[in-house]
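First the structure, in the form of structure tokens, and then the observations on it.
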Amino acid sequence: VQLQASGGGLVQPGGSLRLSCAARGAITSVFNPTTMEWYRETPGKERDLVASITSARATVYADAVKGRFTISRDNSRKTVYLQMNSLKPEDTAVYFCHGRLYETDYWGKGTQVTVSS
């Protein structure tokens with residue numbers, strides 16, 4: 001199983017990006033009930049939870065991103081998304097997706113998001 005994250009890049013303040021994370025090698029019956037999460041990490045700081053989504057599509061957001069970020073999932077594609085709007089320089093970080101599949105914690109390779117003018 002691999003979590004393949006993509007969609008990062010350089011964007012100006014106020015801009016938008018959408019991150020994707022596809023669970024390759026996981027079967028649908030395993031992916032669908034799994035809570036999927038996005039974390040972010042900046043140098044010298046811990047990896048922090050940004051957003052999570054359960055199988056029932058219940059969502060949780062960090063206070064810093066509420067109202068600006070939206071997490072969603074497409075079970076048919078075994079993919080979770082993070083739509084990031086109104087980006088701020090403090091959103092600059094490496095973003096990681098995470099899911100516990102087959103009783104194992106999987107992390108995607110980080111994708112860099114840089115918000116700068």
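Going by the structure tokens order, chains are called A, B, ..., each with residues numbered from 1, while ligands are numbered from 1 in the order shown.
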Q.
Env of Arg18 (chain A): 7 Å cut, atoms = only C-alpha atoms, seq-sep filter 4 positions within chain, self excluded. Answer as a PyMOL selection string.
A. chain A and resi 7+81-84
Export of the given selection (all heavy atoms) as a short mmCIF file (atom, residue, chain, number, x, y, z; two decimals), in the first residue's frame:
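Contents of the output file result03.cif:
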data_model
loop_
_atom_site.label_atom_id
_atom_site.label_comp_id
_atom_site.auth_asym_id
_atom_site.auth_seq_id
_atom_site.Cartn_x
_atom_site.Cartn_y
_atom_site.Cartn_z
N GLY A 7 -0.14 17.76 -5.63
CA GLY A 7 -0.91 19.00 -5.68
C GLY A 7 -0.27 20.19 -5.02
O GLY A 7 -0.81 21.28 -5.07
N TYR A 81 -8.97 14.39 -0.56
CA TYR A 81 -8.57 15.69 -1.07
C TYR A 81 -8.51 16.72 0.05
O TYR A 81 -9.20 16.59 1.07
CB TYR A 81 -9.57 16.19 -2.13
CG TYR A 81 -9.77 15.24 -3.28
CD1 TYR A 81 -10.83 14.35 -3.30
CD2 TYR A 81 -8.89 15.24 -4.36
CE1 TYR A 81 -11.02 13.47 -4.36
CE2 TYR A 81 -9.07 14.37 -5.42
CZ TYR A 81 -10.13 13.49 -5.42
OH TYR A 81 -10.31 12.62 -6.47
N LEU A 82 -7.72 17.75 -0.16
CA LEU A 82 -7.71 18.90 0.73
C LEU A 82 -7.75 20.15 -0.14
O LEU A 82 -6.76 20.48 -0.79
CB LEU A 82 -6.48 18.91 1.64
CG LEU A 82 -6.48 20.00 2.69
CD1 LEU A 82 -7.57 19.74 3.74
CD2 LEU A 82 -5.11 20.10 3.38
N GLN A 83 -8.90 20.78 -0.17
CA GLN A 83 -9.05 22.04 -0.89
C GLN A 83 -8.66 23.17 0.04
O GLN A 83 -9.24 23.31 1.12
CB GLN A 83 -10.49 22.23 -1.37
CG GLN A 83 -10.76 23.54 -2.08
CD GLN A 83 -10.04 23.64 -3.41
OE1 GLN A 83 -10.00 22.68 -4.18
NE2 GLN A 83 -9.46 24.80 -3.68
N MET A 84 -7.67 23.95 -0.37
CA MET A 84 -7.14 25.01 0.48
C MET A 84 -7.39 26.35 -0.22
O MET A 84 -6.85 26.59 -1.30
CB MET A 84 -5.65 24.79 0.71
CG MET A 84 -5.33 23.43 1.29
SD MET A 84 -3.57 23.22 1.69
CE MET A 84 -2.86 23.28 0.05
#
Q: Within region 16-98 of chain A, find each residue whose DSSP state, derived from the backbone, is alpha helix (DSSP H), and express the selection as a count of residues only.
A: 4
List as JSON lines every residue of region 4-25 of chain A that is in contact with region 65-70 of chain A, defined as an atom at most 12 Å from one of its atoms (using only C-alpha atoms), together with the nearest atom pair and the distance in Å rounded to one decimal, sorted by chain and then rising number.
{"residue": "A:Gly14", "atom": "CA", "partner": "A:Arg68", "partner_atom": "CA", "distance": 10.2}
{"residue": "A:Gly15", "atom": "CA", "partner": "A:Arg68", "partner_atom": "CA", "distance": 10.8}
{"residue": "A:Ser16", "atom": "CA", "partner": "A:Phe69", "partner_atom": "CA", "distance": 9.4}
{"residue": "A:Leu17", "atom": "CA", "partner": "A:Phe69", "partner_atom": "CA", "distance": 9.7}
{"residue": "A:Arg18", "atom": "CA", "partner": "A:Thr70", "partner_atom": "CA", "distance": 9.3}
{"residue": "A:Leu19", "atom": "CA", "partner": "A:Thr70", "partner_atom": "CA", "distance": 10.4}
{"residue": "A:Ser20", "atom": "CA", "partner": "A:Thr70", "partner_atom": "CA", "distance": 11.9}
Q.
Using only C-alpha atoms, which protein or nucleic acid residues come within 10 Å of Asp74 (chain A)? Drop anything in the same chain fewer than 4 positions from it, and give the result as JSON, numbers by chain.
A. {"A": [22, 32, 78, 79, 80, 81]}
Q. Can you tell me, as a VMD selection string, what residues are no more than 9 Å from region 106-111 of chain A when counting only C-alpha atoms, ignoring any on the same chain fewer than 3 positions away?
A. chain A and resid 1 to 9 19 21 to 23 40 to 41 93 to 101
For those residues, write C-alpha atoms to a file as a compact mmCIF listing (two decimals), in the first residue's frame.
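Result file is selection_14.txt:
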# COMPACT_ATOMS: atom_id res chain seq x y z
CA VAL A 1 0.00 0.00 0.00
CA GLN A 2 1.18 3.49 -0.82
CA LEU A 3 -0.39 6.86 -0.18
CA GLN A 4 0.51 9.03 -3.14
CA ALA A 5 0.12 12.72 -2.41
CA SER A 6 0.22 15.45 -5.01
CA GLY A 7 -0.91 19.00 -5.68
CA GLY A 8 1.51 21.14 -3.73
CA GLY A 9 3.26 24.15 -5.13
CA LEU A 19 -4.02 18.39 -2.58
CA CYS A 21 -3.84 11.56 -1.79
CA ALA A 22 -4.54 8.25 -3.49
CA ALA A 23 -4.31 4.94 -1.66
CA ARG A 40 1.47 19.51 8.00
CA GLU A 41 4.96 20.07 9.24
CA ALA A 93 4.54 23.65 5.20
CA VAL A 94 5.05 20.14 3.97
CA TYR A 95 1.68 18.41 3.90
CA PHE A 96 1.29 14.69 4.58
CA CYS A 97 -1.70 12.40 4.22
CA HIS A 98 -2.22 9.58 6.68
CA GLY A 99 -4.46 6.58 7.00
CA ARG A 100 -4.51 3.45 9.10
CA LEU A 101 -5.07 0.64 6.62
Q) DSSP says strand (DSSP E) for which residues of chain A? Put them as a ChimeraX atom specification? A) /A:2-6,9-11,17-24,36-41,48-53,59-61,69-74,79-84,93-101,104-107,111-115
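By chain and then residue number, the residues within 7 Å of Ser116 (chain A) are Val11, Gln12, Pro13, Pro89 and Thr114 of chain A, counting only C-alpha atoms and disregarding those fewer than 2 positions away in sequence.
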Would you kindly return, as a short mmCIF file (atom, residue, chain, number, x, y, z; two decimals) with N, CA, C and O atoms, in the first residue's frame, each protein, DNA or RNA residue with an atom no farther than 7 Å from any atom of Ala51 (chain A), considering only C-alpha atoms and excluding same-chain residues fewer than 5 positions away?
data_model
loop_
_atom_site.label_atom_id
_atom_site.label_comp_id
_atom_site.auth_asym_id
_atom_site.auth_seq_id
_atom_site.Cartn_x
_atom_site.Cartn_y
_atom_site.Cartn_z
N GLU A 37 -6.57 11.45 6.99
CA GLU A 37 -6.14 12.71 7.62
C GLU A 37 -5.09 13.42 6.78
O GLU A 37 -4.33 12.79 6.04
N TRP A 38 -5.05 14.72 6.94
CA TRP A 38 -3.96 15.55 6.42
C TRP A 38 -3.25 16.20 7.62
O TRP A 38 -3.92 16.74 8.52
N VAL A 60 -13.14 17.04 10.81
CA VAL A 60 -12.55 17.81 11.90
C VAL A 60 -11.46 18.68 11.28
O VAL A 60 -10.72 18.22 10.41
N TYR A 61 -11.38 19.92 11.74
CA TYR A 61 -10.38 20.85 11.23
C TYR A 61 -9.62 21.49 12.37
O TYR A 61 -10.18 21.79 13.43
N ALA A 62 -8.35 21.77 12.11
CA ALA A 62 -7.59 22.60 13.04
C ALA A 62 -8.17 24.01 13.02
O ALA A 62 -8.65 24.49 11.98
N ILE A 71 -11.79 19.22 3.54
CA ILE A 71 -11.35 17.86 3.26
C ILE A 71 -12.53 17.07 2.69
O ILE A 71 -13.68 17.25 3.13
#
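Atom pair CA of Arg24 (chain A) / CA of Ile53 (chain A): separated by 18.4 Å.
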Q: Pick out the closest residue to Arg57 (chain A) from this set: A:Thr34, A:Ile27, A:Tyr39, A:Arg77. Count only C-alpha atoms.
A: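 Answer, going by the shortest atom-to-atom distance: A:Thr34.
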